[in-house]
Each structure stands twice: as structure tokens, then as C-alpha cells.
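Raw contents of input31.cif, mmCIF, C-alpha atoms:
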```cif
data_final
#
loop_
_atom_site.group_PDB
_atom_site.id
_atom_site.type_symbol
_atom_site.label_atom_id
_atom_site.label_comp_id
_atom_site.auth_asym_id
_atom_site.auth_seq_id
_atom_site.Cartn_x
_atom_site.Cartn_y
_atom_site.Cartn_z
ATOM 1 C CA MET O 7 141.523 162.471 51.442
ATOM 2 C CA LYS O 8 144.359 160.480 53.031
ATOM 3 C CA LYS O 9 141.959 159.089 55.637
ATOM 4 C CA THR O 10 139.633 157.966 52.852
ATOM 5 C CA ILE O 11 142.509 156.211 51.029
ATOM 6 C CA TYR O 12 143.652 154.489 54.218
ATOM 7 C CA LEU O 13 140.075 153.411 54.915
ATOM 8 C CA LEU O 14 139.747 151.949 51.411
ATOM 9 C CA ILE O 15 143.050 150.088 51.795
ATOM 10 C CA ILE O 16 141.893 148.584 55.091
ATOM 11 C CA ILE O 17 138.580 147.516 53.557
ATOM 12 C CA PHE O 18 140.452 145.970 50.608
ATOM 13 C CA ILE O 19 142.734 143.990 52.946
ATOM 14 C CA ILE O 20 139.761 142.719 54.973
ATOM 15 C CA LEU O 21 137.907 141.658 51.829
ATOM 16 C CA SER O 22 141.032 139.953 50.478
ATOM 17 C CA CYS O 23 141.480 137.971 53.679
ATOM 18 C CA SER O 24 137.824 137.003 53.626
ATOM 19 C CA ASN O 25 138.100 135.871 50.007
ATOM 20 C CA ASN O 26 141.221 133.831 50.804
ATOM 21 C CA GLU O 27 139.407 132.079 53.644
ATOM 22 C CA ASN O 28 136.458 131.342 51.369
ATOM 23 C CA ASN O 29 138.818 129.991 48.713
ATOM 24 C CA ILE O 30 140.417 127.685 51.266
ATOM 25 C CA ASP O 31 136.956 126.527 52.386
ATOM 26 C CA ASN O 32 135.822 125.889 48.808
ATOM 27 C CA ASN O 33 138.985 124.312 47.418
ATOM 28 C CA ILE O 34 138.936 120.529 47.128
ATOM 29 C CA ILE O 35 141.974 119.012 48.851
ATOM 30 C CA LYS O 36 143.145 115.629 47.615
ATOM 31 C CA ILE O 37 144.464 113.263 50.263
ATOM 32 C CA LYS O 38 145.497 109.625 50.466
ATOM 33 C CA VAL O 39 144.589 107.735 53.625
ATOM 34 C CA GLY O 40 145.986 104.408 54.783
ATOM 35 C CA TYR O 41 143.842 101.836 56.589
ATOM 36 C CA LEU O 42 144.300 98.291 57.882
ATOM 37 C CA SER O 43 142.123 95.349 56.888
ATOM 38 C CA ASP O 44 140.127 94.939 60.090
ATOM 39 C CA PHE O 45 137.227 96.762 61.706
ATOM 40 C CA ALA O 46 139.481 98.764 64.023
ATOM 41 C CA GLY O 47 141.771 99.873 61.237
ATOM 42 C CA ALA O 48 139.190 100.524 58.537
ATOM 43 C CA SER O 49 135.835 101.500 60.050
ATOM 44 C CA ALA O 50 136.204 105.224 60.808
ATOM 45 C CA ILE O 51 137.998 105.873 57.524
ATOM 46 C CA ALA O 52 135.443 103.886 55.501
ATOM 47 C CA ILE O 53 132.540 105.615 57.251
ATOM 48 C CA ALA O 54 134.058 109.054 56.610
ATOM 49 C CA LYS O 55 134.165 108.170 52.926
ATOM 50 C CA GLY O 56 130.865 106.295 52.691
ATOM 51 C CA LYS O 57 128.775 108.782 54.682
ATOM 52 C CA GLY O 58 130.272 111.823 52.961
ATOM 53 C CA PHE O 59 132.122 113.272 55.950
ATOM 54 C CA PHE O 60 135.285 113.756 53.862
ATOM 55 C CA GLU O 61 133.201 115.545 51.234
ATOM 56 C CA GLU O 62 131.662 117.798 53.874
ATOM 57 C CA GLU O 63 135.191 118.958 54.649
ATOM 58 C CA ASN O 64 136.014 119.400 50.922
ATOM 59 C CA LEU O 65 138.402 116.463 51.020
ATOM 60 C CA ASP O 66 138.800 114.146 48.039
ATOM 61 C CA ALA O 67 140.048 111.072 49.898
ATOM 62 C CA GLU O 68 141.585 108.023 48.271
ATOM 63 C CA ILE O 69 141.825 105.186 50.792
ATOM 64 C CA ILE O 70 144.598 102.586 50.542
ATOM 65 C CA LYS O 71 144.857 99.228 52.330
ATOM 66 C CA PHE O 72 147.972 98.181 54.262
ATOM 67 C CA ASP O 73 148.819 94.974 56.091
ATOM 68 C CA ASN O 74 150.344 96.651 59.162
ATOM 69 C CA GLY O 75 151.159 99.986 60.762
ATOM 70 C CA PRO O 76 154.944 100.052 60.192
ATOM 71 C CA SER O 77 154.554 99.625 56.419
ATOM 72 C CA GLU O 78 151.947 102.376 56.459
ATOM 73 C CA ILE O 79 154.371 104.685 58.266
ATOM 74 C CA LEU O 80 157.104 103.955 55.712
ATOM 75 C CA SER O 81 154.671 104.903 52.957
ATOM 76 C CA MET O 82 153.786 108.090 54.818
ATOM 77 C CA ILE O 83 157.424 109.070 55.275
ATOM 78 C CA GLY O 84 157.874 108.473 51.540
ATOM 79 C CA HIS O 85 155.027 110.942 50.820
ATOM 80 C CA GLU O 86 152.835 108.216 49.303
ATOM 81 C CA ILE O 87 149.992 108.849 51.774
ATOM 82 C CA GLU O 88 149.121 111.821 53.988
ATOM 83 C CA PHE O 89 147.077 110.225 56.774
ATOM 84 C CA GLY O 90 146.597 106.817 58.285
ATOM 85 C CA TYR O 91 145.576 104.541 61.123
ATOM 86 C CA ILE O 92 147.960 102.548 63.332
ATOM 87 C CA GLY O 93 147.494 99.950 66.032
ATOM 88 C CA ASN O 94 149.281 99.997 69.358
ATOM 89 C CA GLY O 95 152.647 98.536 68.360
ATOM 90 C CA ALA O 96 153.411 101.040 65.618
ATOM 91 C CA HIS O 97 153.236 103.945 68.079
ATOM 92 C CA SER O 98 156.886 103.341 68.890
ATOM 93 C CA HIS O 99 157.652 105.015 65.547
ATOM 94 C CA ALA O 100 155.660 108.077 66.624
ATOM 95 C CA ILE O 101 157.609 108.220 69.877
ATOM 96 C CA LYS O 102 160.822 108.096 67.837
ATOM 97 C CA GLY O 103 159.620 111.119 65.860
ATOM 98 C CA TYR O 104 158.734 109.621 62.487
ATOM 99 C CA VAL O 105 155.032 110.559 62.597
ATOM 100 C CA LYS O 106 152.590 112.625 64.649
ATOM 101 C CA VAL O 107 149.552 111.213 66.454
ATOM 102 C CA LEU O 108 146.377 113.225 65.827
ATOM 103 C CA PHE O 109 144.089 111.468 68.333
ATOM 104 C CA PRO O 110 143.119 107.983 69.571
ATOM 105 C CA ASN O 111 140.613 105.728 67.807
ATOM 106 C CA GLY O 112 139.967 103.228 70.590
ATOM 107 C CA ILE O 113 141.441 100.895 73.186
ATOM 108 C CA SER O 114 141.999 97.341 71.981
ATOM 109 C CA LYS O 115 140.813 94.098 73.563
ATOM 110 C CA ALA O 116 141.892 92.023 70.533
ATOM 111 C CA GLU O 117 145.424 90.762 71.278
ATOM 112 C CA LYS O 118 145.872 87.119 72.266
ATOM 113 C CA ILE O 119 148.578 84.496 72.633
ATOM 114 C CA ILE O 120 147.456 81.202 71.122
ATOM 115 C CA ALA O 121 149.229 77.844 71.415
ATOM 116 C CA GLY O 122 148.734 74.534 69.669
ATOM 117 C CA LYS O 123 147.208 71.868 71.883
ATOM 118 C CA TRP O 124 149.798 69.365 70.621
ATOM 119 C CA THR O 125 152.503 71.389 72.422
ATOM 120 C CA ASN O 126 150.959 70.895 75.900
ATOM 121 C CA ILE O 127 151.407 74.659 76.477
ATOM 122 C CA LYS O 128 148.760 75.800 78.953
ATOM 123 C CA THR O 129 150.261 78.920 80.528
ATOM 124 C CA ILE O 130 152.728 81.655 79.589
ATOM 125 C CA SER O 131 155.342 79.975 81.792
ATOM 126 C CA ASP O 132 155.110 76.927 79.516
ATOM 127 C CA LEU O 133 156.490 79.026 76.619
ATOM 128 C CA LYS O 134 160.017 78.616 77.996
ATOM 129 C CA GLY O 135 162.126 76.867 75.377
ATOM 130 C CA LYS O 136 159.304 76.937 72.831
ATOM 131 C CA THR O 137 159.093 78.538 69.386
ATOM 132 C CA VAL O 138 156.882 81.630 69.480
ATOM 133 C CA ALA O 139 156.066 83.757 66.449
ATOM 134 C CA THR O 140 154.806 87.323 66.218
ATOM 135 C CA HIS O 141 155.176 90.344 63.973
ATOM 136 C CA LEU O 142 157.821 92.526 65.620
ATOM 137 C CA GLY O 143 157.012 96.211 65.890
ATOM 138 C CA THR O 144 153.273 95.537 66.226
ATOM 139 C CA SER O 145 150.893 95.091 69.153
ATOM 140 C CA GLY O 146 151.678 91.363 68.950
ATOM 141 C CA GLU O 147 155.213 92.023 70.173
ATOM 142 C CA THR O 148 154.013 94.369 72.909
ATOM 143 C CA MET O 149 151.483 91.784 74.091
ATOM 144 C CA LEU O 150 154.172 89.094 74.163
ATOM 145 C CA ASN O 151 156.554 91.334 76.129
ATOM 146 C CA ILE O 152 153.929 92.023 78.810
ATOM 147 C CA ALA O 153 153.004 88.348 79.118
ATOM 148 C CA LEU O 154 156.618 87.213 79.379
ATOM 149 C CA LYS O 155 157.449 89.843 81.981
ATOM 150 C CA THR O 156 154.452 88.831 84.097
ATOM 151 C CA ALA O 157 155.640 85.204 83.972
ATOM 152 C CA LYS O 158 159.198 86.351 84.848
ATOM 153 C CA LEU O 159 160.496 85.293 81.439
ATOM 154 C CA THR O 160 162.337 87.223 78.715
ATOM 155 C CA LYS O 161 162.642 86.850 74.962
ATOM 156 C CA ASP O 162 165.895 84.998 75.593
ATOM 157 C CA ASP O 163 163.858 82.214 77.193
ATOM 158 C CA ILE O 164 161.982 81.470 73.955
ATOM 159 C CA ASN O 165 162.832 80.885 70.318
ATOM 160 C CA LEU O 166 161.312 84.064 68.868
ATOM 161 C CA LEU O 167 160.360 84.264 65.188
ATOM 162 C CA ASN O 168 159.523 87.515 63.397
ATOM 163 C CA VAL O 169 156.722 86.731 60.930
ATOM 164 C CA ASN O 170 154.643 89.175 58.890
ATOM 165 C CA ILE O 171 151.045 89.359 60.064
ATOM 166 C CA THR O 172 149.830 88.111 56.676
ATOM 167 C CA ASN O 173 151.444 84.734 57.405
ATOM 168 C CA LEU O 174 151.405 84.675 61.204
ATOM 169 C CA ALA O 175 148.316 82.492 61.653
ATOM 170 C CA ASN O 176 149.781 79.929 59.241
ATOM 171 C CA MET O 177 152.758 79.448 61.554
ATOM 172 C CA ILE O 178 150.592 77.675 64.115
ATOM 173 C CA ILE O 179 148.161 76.177 61.599
ATOM 174 C CA ASN O 180 151.085 74.462 59.843
ATOM 175 C CA LYS O 181 152.826 73.651 63.154
ATOM 176 C CA LYS O 182 155.876 75.781 62.331
ATOM 177 C CA ALA O 183 155.519 77.533 65.695
ATOM 178 C CA ASP O 184 154.320 76.319 69.081
ATOM 179 C CA ALA O 185 152.499 79.574 69.808
ATOM 180 C CA VAL O 186 151.759 82.946 68.232
ATOM 181 C CA SER O 187 151.088 86.408 69.648
ATOM 182 C CA ILE O 188 148.403 87.692 67.329
ATOM 183 C CA TRP O 189 145.243 89.827 67.200
ATOM 184 C CA GLU O 190 141.791 89.986 65.635
ATOM 185 C CA PRO O 191 140.778 89.332 62.892
ATOM 186 C CA HIS O 192 143.756 87.044 62.259
ATOM 187 C CA THR O 193 142.859 84.854 65.222
ATOM 188 C CA LYS O 194 139.801 83.790 63.235
ATOM 189 C CA GLU O 195 142.091 82.163 60.643
ATOM 190 C CA ILE O 196 143.355 79.856 63.392
ATOM 191 C CA ILE O 197 139.895 79.163 64.784
ATOM 192 C CA ASP O 198 138.543 78.267 61.343
ATOM 193 C CA ALA O 199 141.539 76.135 60.284
ATOM 194 C CA ILE O 200 142.175 74.153 63.483
ATOM 195 C CA PRO O 201 139.019 74.603 65.609
ATOM 196 C CA ASN O 202 139.848 71.830 68.083
ATOM 197 C CA GLN O 203 143.636 72.099 68.130
ATOM 198 C CA TYR O 204 144.358 75.476 69.687
ATOM 199 C CA VAL O 205 144.182 77.063 73.150
ATOM 200 C CA VAL O 206 144.166 80.765 74.094
ATOM 201 C CA ILE O 207 146.695 81.014 76.916
ATOM 202 C CA SER O 208 146.526 84.767 77.404
ATOM 203 C CA SER O 209 144.611 87.867 76.339
ATOM 204 C CA ILE O 210 145.376 91.575 76.642
ATOM 205 C CA THR O 211 142.361 91.829 78.964
ATOM 206 C CA ASN O 212 144.392 89.807 81.501
ATOM 207 C CA TYR O 213 146.752 92.767 81.856
ATOM 208 C CA SER O 214 144.335 95.701 82.146
ATOM 209 C CA ASN O 215 146.253 97.127 85.114
ATOM 210 C CA GLU O 216 149.576 97.098 83.273
ATOM 211 C CA ALA O 217 148.644 97.817 79.680
ATOM 212 C CA VAL O 218 146.556 100.104 77.515
ATOM 213 C CA PHE O 219 146.626 99.222 73.808
ATOM 214 C CA ILE O 220 145.675 102.368 71.918
ATOM 215 C CA SER O 221 145.013 102.742 68.197
ATOM 216 C CA SER O 222 145.347 106.187 66.608
ATOM 217 C CA PHE O 223 145.193 108.322 63.494
ATOM 218 C CA ILE O 224 148.461 109.785 62.271
ATOM 219 C CA THR O 225 150.163 112.116 59.836
ATOM 220 C CA THR O 226 153.612 113.704 59.641
ATOM 221 C CA ALA O 227 154.912 116.875 61.274
ATOM 222 C CA GLU O 228 155.841 118.091 57.805
ATOM 223 C CA TYR O 229 152.268 117.736 56.561
ATOM 224 C CA ILE O 230 150.790 119.492 59.606
ATOM 225 C CA ASN O 231 153.258 122.368 59.244
ATOM 226 C CA ASN O 232 152.566 122.786 55.526
ATOM 227 C CA ASN O 233 148.835 121.954 55.585
ATOM 228 C CA PRO O 234 147.377 122.691 59.036
ATOM 229 C CA TYR O 235 143.971 123.438 57.519
ATOM 230 C CA ALA O 236 143.824 120.058 55.766
ATOM 231 C CA ALA O 237 144.943 118.243 58.934
ATOM 232 C CA ALA O 238 142.080 119.872 60.852
ATOM 233 C CA LYS O 239 139.601 118.976 58.113
ATOM 234 C CA PHE O 240 140.717 115.335 58.128
ATOM 235 C CA SER O 241 140.413 115.237 61.917
ATOM 236 C CA ARG O 242 136.878 116.645 61.852
ATOM 237 C CA ALA O 243 135.779 114.136 59.202
ATOM 238 C CA ILE O 244 137.158 111.178 61.172
ATOM 239 C CA LEU O 245 135.683 112.385 64.456
ATOM 240 C CA LYS O 246 132.250 112.610 62.777
ATOM 241 C CA ALA O 247 132.769 109.057 61.513
ATOM 242 C CA MET O 248 133.724 107.864 65.007
ATOM 243 C CA ASP O 249 130.496 109.362 66.355
ATOM 244 C CA TYR O 250 128.503 107.542 63.684
ATOM 245 C CA ARG O 251 130.276 104.245 64.460
ATOM 246 C CA LYS O 252 129.669 104.595 68.202
ATOM 247 C CA TYR O 253 125.906 104.910 67.844
ATOM 248 C CA ASN O 254 125.326 102.850 64.681
ATOM 249 C CA ILE O 255 127.699 99.925 65.126
ATOM 250 C CA ASN O 256 125.869 97.398 62.912
ATOM 251 C CA ASP O 257 125.479 99.888 60.080
ATOM 252 C CA ALA O 258 129.144 100.804 60.563
ATOM 253 C CA VAL O 259 130.063 97.181 59.817
ATOM 254 C CA LYS O 260 127.999 97.194 56.610
ATOM 255 C CA ILE O 261 129.461 100.486 55.380
ATOM 256 C CA THR O 262 132.999 99.336 56.109
ATOM 257 C CA ALA O 263 132.419 96.093 54.211
ATOM 258 C CA GLU O 264 130.922 97.937 51.225
ATOM 259 C CA ILE O 265 133.710 100.513 51.013
ATOM 260 C CA THR O 266 136.703 98.227 51.662
ATOM 261 C CA GLY O 267 135.560 94.793 50.531
ATOM 262 C CA ILE O 268 136.466 93.302 53.926
ATOM 263 C CA ASP O 269 134.244 90.353 54.851
ATOM 264 C CA GLU O 270 131.186 91.631 56.729
ATOM 265 C CA ASN O 271 130.714 88.511 58.863
ATOM 266 C CA MET O 272 134.341 88.660 59.956
ATOM 267 C CA MET O 273 133.952 92.270 61.051
ATOM 268 C CA LYS O 274 130.789 91.518 63.002
ATOM 269 C CA GLN O 275 132.930 89.293 65.197
ATOM 270 C CA GLU O 276 135.275 92.233 65.832
ATOM 271 C CA ILE O 277 132.653 94.615 67.220
ATOM 272 C CA ASP O 278 133.570 93.758 70.808
ATOM 273 C CA THR O 279 137.346 93.707 70.292
ATOM 274 C CA ALA O 280 137.832 97.330 71.408
ATOM 275 C CA VAL O 281 136.363 100.296 73.198
ATOM 276 C CA TRP O 282 135.366 102.580 70.311
ATOM 277 C CA PHE O 283 135.673 106.290 71.085
ATOM 278 C CA SER O 284 133.291 109.080 70.093
ATOM 279 C CA SER O 285 134.131 112.787 70.021
ATOM 280 C CA SER O 286 132.270 113.124 73.336
ATOM 281 C CA ASP O 287 134.468 110.414 74.847
ATOM 282 C CA LEU O 288 137.561 112.283 73.716
ATOM 283 C CA LYS O 289 136.254 115.580 75.126
ATOM 284 C CA ASN O 290 135.854 113.944 78.526
ATOM 285 C CA SER O 291 139.235 112.242 78.187
ATOM 286 C CA CYS O 292 140.863 115.602 77.482
ATOM 287 C CA LYS O 293 139.054 117.153 80.458
ATOM 288 C CA TYR O 294 140.221 114.473 82.892
ATOM 289 C CA LYS O 295 143.647 114.036 81.238
ATOM 290 C CA ASN O 296 142.980 110.370 80.439
ATOM 291 C CA ILE O 297 144.539 110.736 76.991
ATOM 292 C CA GLU O 298 147.849 111.759 78.551
ATOM 293 C CA LYS O 299 147.631 108.778 80.928
ATOM 294 C CA TRP O 300 146.976 106.329 78.065
ATOM 295 C CA TYR O 301 149.898 107.455 75.957
ATOM 296 C CA ASN O 302 152.256 107.675 78.948
ATOM 297 C CA THR O 303 151.306 104.115 79.962
ATOM 298 C CA GLN O 304 151.833 102.981 76.385
ATOM 299 C CA GLN O 305 155.249 104.610 76.256
ATOM 300 C CA LYS O 306 156.279 102.986 79.544
ATOM 301 C CA LEU O 307 155.467 99.572 78.061
ATOM 302 C CA PHE O 308 157.727 100.287 75.081
ATOM 303 C CA LEU O 309 160.472 101.520 77.398
ATOM 304 C CA ASP O 310 160.257 98.499 79.720
ATOM 305 C CA SER O 311 160.333 96.184 76.695
ATOM 306 C CA GLY O 312 163.384 97.882 75.182
ATOM 307 C CA ILE O 313 161.451 98.871 72.049
ATOM 308 C CA ILE O 314 162.334 102.518 72.726
ATOM 309 C CA LYS O 315 165.493 103.668 74.509
ATOM 310 C CA GLU O 316 164.307 106.785 76.319
ATOM 311 C CA ASN O 317 161.153 108.413 77.598
ATOM 312 C CA VAL O 318 160.004 111.551 75.737
ATOM 313 C CA PRO O 319 157.207 114.046 76.499
ATOM 314 C CA ILE O 320 154.036 112.871 74.758
ATOM 315 C CA THR O 321 153.551 116.432 73.517
ATOM 316 C CA ASN O 322 156.534 115.741 71.215
ATOM 317 C CA TYR O 323 154.340 113.510 69.058
ATOM 318 C CA LEU O 324 150.705 113.908 70.204
ATOM 319 C CA GLU O 325 148.781 116.829 68.684
ATOM 320 C CA LEU O 326 146.672 117.376 71.795
ATOM 321 C CA ASP O 327 146.156 121.140 71.366
ATOM 322 C CA MET O 328 144.900 120.645 67.810
ATOM 323 C CA LEU O 329 142.465 117.988 69.038
ATOM 324 C CA LYS O 330 141.128 120.228 71.803
ATOM 325 C CA ASN O 331 140.572 123.082 69.347
ATOM 326 C CA ILE O 332 138.701 120.835 66.913
ATOM 327 C CA LEU O 333 136.577 119.253 69.652
ATOM 328 C CA SER O 334 135.547 122.690 70.909
ATOM 329 C CA ASP O 335 133.923 123.377 67.493
ATOM 330 C CA LEU O 336 132.146 120.027 67.059
#
```
Give the structure from this file in C-alpha cells form.
Amino acid sequence: MKKTIYLLIIIFIILSCSNNENNIDNNIIKIKVGYLSDFAGASAIAIAKGKGFFEEENLDAEIIKFDNGPSEILSMIGHEIEFGYIGNGAHSHAIKGYVKVLFPNGISKAEKIIAGKWTNIKTISDLKGKTVATHLGTSGETMLNIALKTAKLTKDDINLLNVNITNLANMIINKKADAVSIWEPHTKEIIDAIPNQYVVISSITNYSNEAVFISSFITTAEYINNNPYAAAKFSRAILKAMDYRKYNINDAVKITAEITGIDENMMKQEIDTAVWFSSSDLKNSCKYKNIEKWYNTQQKLFLDSGIIKENVPITNYLELDMLKNILSDL
């Protein structure tokens, strides 16, 4: 009799666990996701929503536009959003422990330093004594730091202005700065406004041996700890979207434009501004430890530039084990 009771109890526990797992699978989880208003910052998130990949994971995703990564991170820390995308520069906040990196989105080729022709600036060395504007804490600052270091200059050698990305292009258009360190799609504002009065004096592609500009998807440690299942679901949805983008790039542009309202023609010009990863790319990168190399190189740039004060293990902020587990099931 006792054996029968014990057996029934065990069966009840197993069925209860199974029901709980089914409930988790079937429950709709509401999330808010931050994106930036360019192809890099919006495409995977828009595709996940437009193609139903969030729905496949039982996620009810509201997507919210931001102007830059740091403001997105502030919103995330304030519990206004759960997930988001950041460009290279904002990773310094992950290194400092404010957010966790889930996995990379791509490697950028979009950053440029542009000068006005009226300034007679032709090289980075010519920036000495000139007024240069960028948005501090973004990839624009990181790009500027690398360029200055290569030319054996420092920020003390220039008149540096911190200008929000929403107004950065106007600084050179209106001749309030001699040069700007900026990125796509904002460079197009300059090209359209002063087509014959600007010169690109440097691009991130000039520093491929020294720099890797990674963009990533993020959340907080608190959210992962409290909602590991939701974090995995979000990751799977985005990875599916990245696969779709990789092999359907023109359709990806159209979907992103439809979902976000970002100008489609502008985004078409951004297709070649990055190396866009697929889940297969990330599997290979995990296998050959390229992901660790990218983030370590990125951190060294921040350290050399004084943006961060000390080196930390990338495992402090990169959820590599979670990524590997998810990739093994895709």
C-alpha cells in the first residue's frame, strides 16, 4: 500500500512539473525592446516582429525607438524596457556592469570622420587645433580616439565638442565644427546637405588591425536572473531574425521600413555598412573563440582611450554560455 502511495505521489509530481513547463511555454510574455533608427539598430528587431518570430516564442513585443545606446541603457536600468540593441560605443556601460550582452549583431564598417572642405583638413594630423564634434560614449568617440592615437595626437590637441547624434551632422553642415566623428545613416545628412563641401578623412575600415566595432543585443543581469526563460526566448527570436536578414537582405530592408517607419531608401544605402551575422556565423565564432577575441579587442580600445579604467573578464558581462546553449538547439 505504501509503495502504491509513493508511486502515485511521484507520478503527481512528474505531471505537475510537466504542466508547469507547458504553462510556461503557453504563457504570453510581454516585453519592451529598444532599437535605434538605422538598419543596424532596427533590422533584426523589426524582422522578429514582422515575420512573427517573437510570436513563435510566445512573446508580445512592443518595440521602442531610441536615438543612441546610452539613453537606451538608462531606460533599461529604469525598468522601462527589458531588451535592446547597442552599437559599439555603448558597450563601455556593459563592461562597467550596468547591462549584460546577450550576443553580437554584427561588425560595423559605418564610422567615419568627415571634415568641411573649407577647413583645408585632409588628414587626421590636420585636426590639431581644430574643432571636432562627436557624441561621447558612442562609437563616434571610439573611432575618434583610434584615429587620433594613430596620428600621435590626443583629445587635448583638438577642441572637442560633445554633441548628441541627433544634431551632430548639423555641426558641420552649419560650420559650427571643422570635423565630426559620425556614422551611418547620419553621414547621409551631410552628403545630402553639402554634397560638394565635405571630405571623408578617415573610416573605421582604415583601422581593421586595431579595431573591431561590435553591435550587440542586451538586457540586465536582474532580468536574466528573474526571467531566464524569457531571455532565452528573446534570444531565439532575434537569432531567427538575423538568419532571415542574412539571406534575404533586400526584403529585410522592406520589413524594417514597414515596421519602424525608417526611410527605406536610406536603409538600402546601409546594407554594406556592416558584416551581418547569422546563427551559423555565431556557432562558428563560438567554436573558434572569435567572439571572445572581438570583445577583448573592443575592451582594450576602451581601456587605451581611458573610457574604462580597468580590464575585466568578458564573462562578467557576456552571456556566452547562454548563447551556446541556445545555438545548440537552433
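Interatomic distance, atom CA of O:Ile79 to atom CA of O:Asn94: 13.1 Å.
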Q | Selection result of the PyMOL selection byres ((chain O and resi 49) around 8) on this file, as number ranges by chain | A | O: 44-48, 50-53, 251, 258-259, 261-262
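Picture a line from atom CA of O:Asn302 to atom CA of O:Ala238; it runs 24.1 Å.
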Got a sec to resolve the PyMOL selection byres ((chain O and resi 187-194) around 6) on this structure and send the residues as an mmCIF file with C-alpha atoms, in the coordinates of the input?
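Output contents, as saved in result29.cif:
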```cif
data_model
loop_
_atom_site.group_PDB
_atom_site.id
_atom_site.type_symbol
_atom_site.label_atom_id
_atom_site.label_comp_id
_atom_site.auth_asym_id
_atom_site.auth_seq_id
_atom_site.Cartn_x
_atom_site.Cartn_y
_atom_site.Cartn_z
ATOM 1 C CA ALA O 116 141.892 92.023 70.533
ATOM 2 C CA GLU O 117 145.424 90.762 71.278
ATOM 3 C CA LYS O 118 145.872 87.119 72.266
ATOM 4 C CA ILE O 119 148.578 84.496 72.633
ATOM 5 C CA THR O 140 154.806 87.323 66.218
ATOM 6 C CA GLY O 146 151.678 91.363 68.950
ATOM 7 C CA VAL O 186 151.759 82.946 68.232
ATOM 8 C CA GLU O 195 142.091 82.163 60.643
ATOM 9 C CA ILE O 196 143.355 79.856 63.392
ATOM 10 C CA ILE O 197 139.895 79.163 64.784
ATOM 11 C CA ASP O 198 138.543 78.267 61.343
#
```
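Between atom CA of O:Ala237 and atom CA of O:Ser77 the interatomic distance comes to 21.1 Å.
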Q.
Could you list, as a list of chain:residue names, every residue within 7 Å of O:Asp249, counting only C-alpha atoms and ignoring same-chain residues fewer than 4 positions away?
A. O:Leu245, O:Tyr253, O:Ser284, O:Ser285
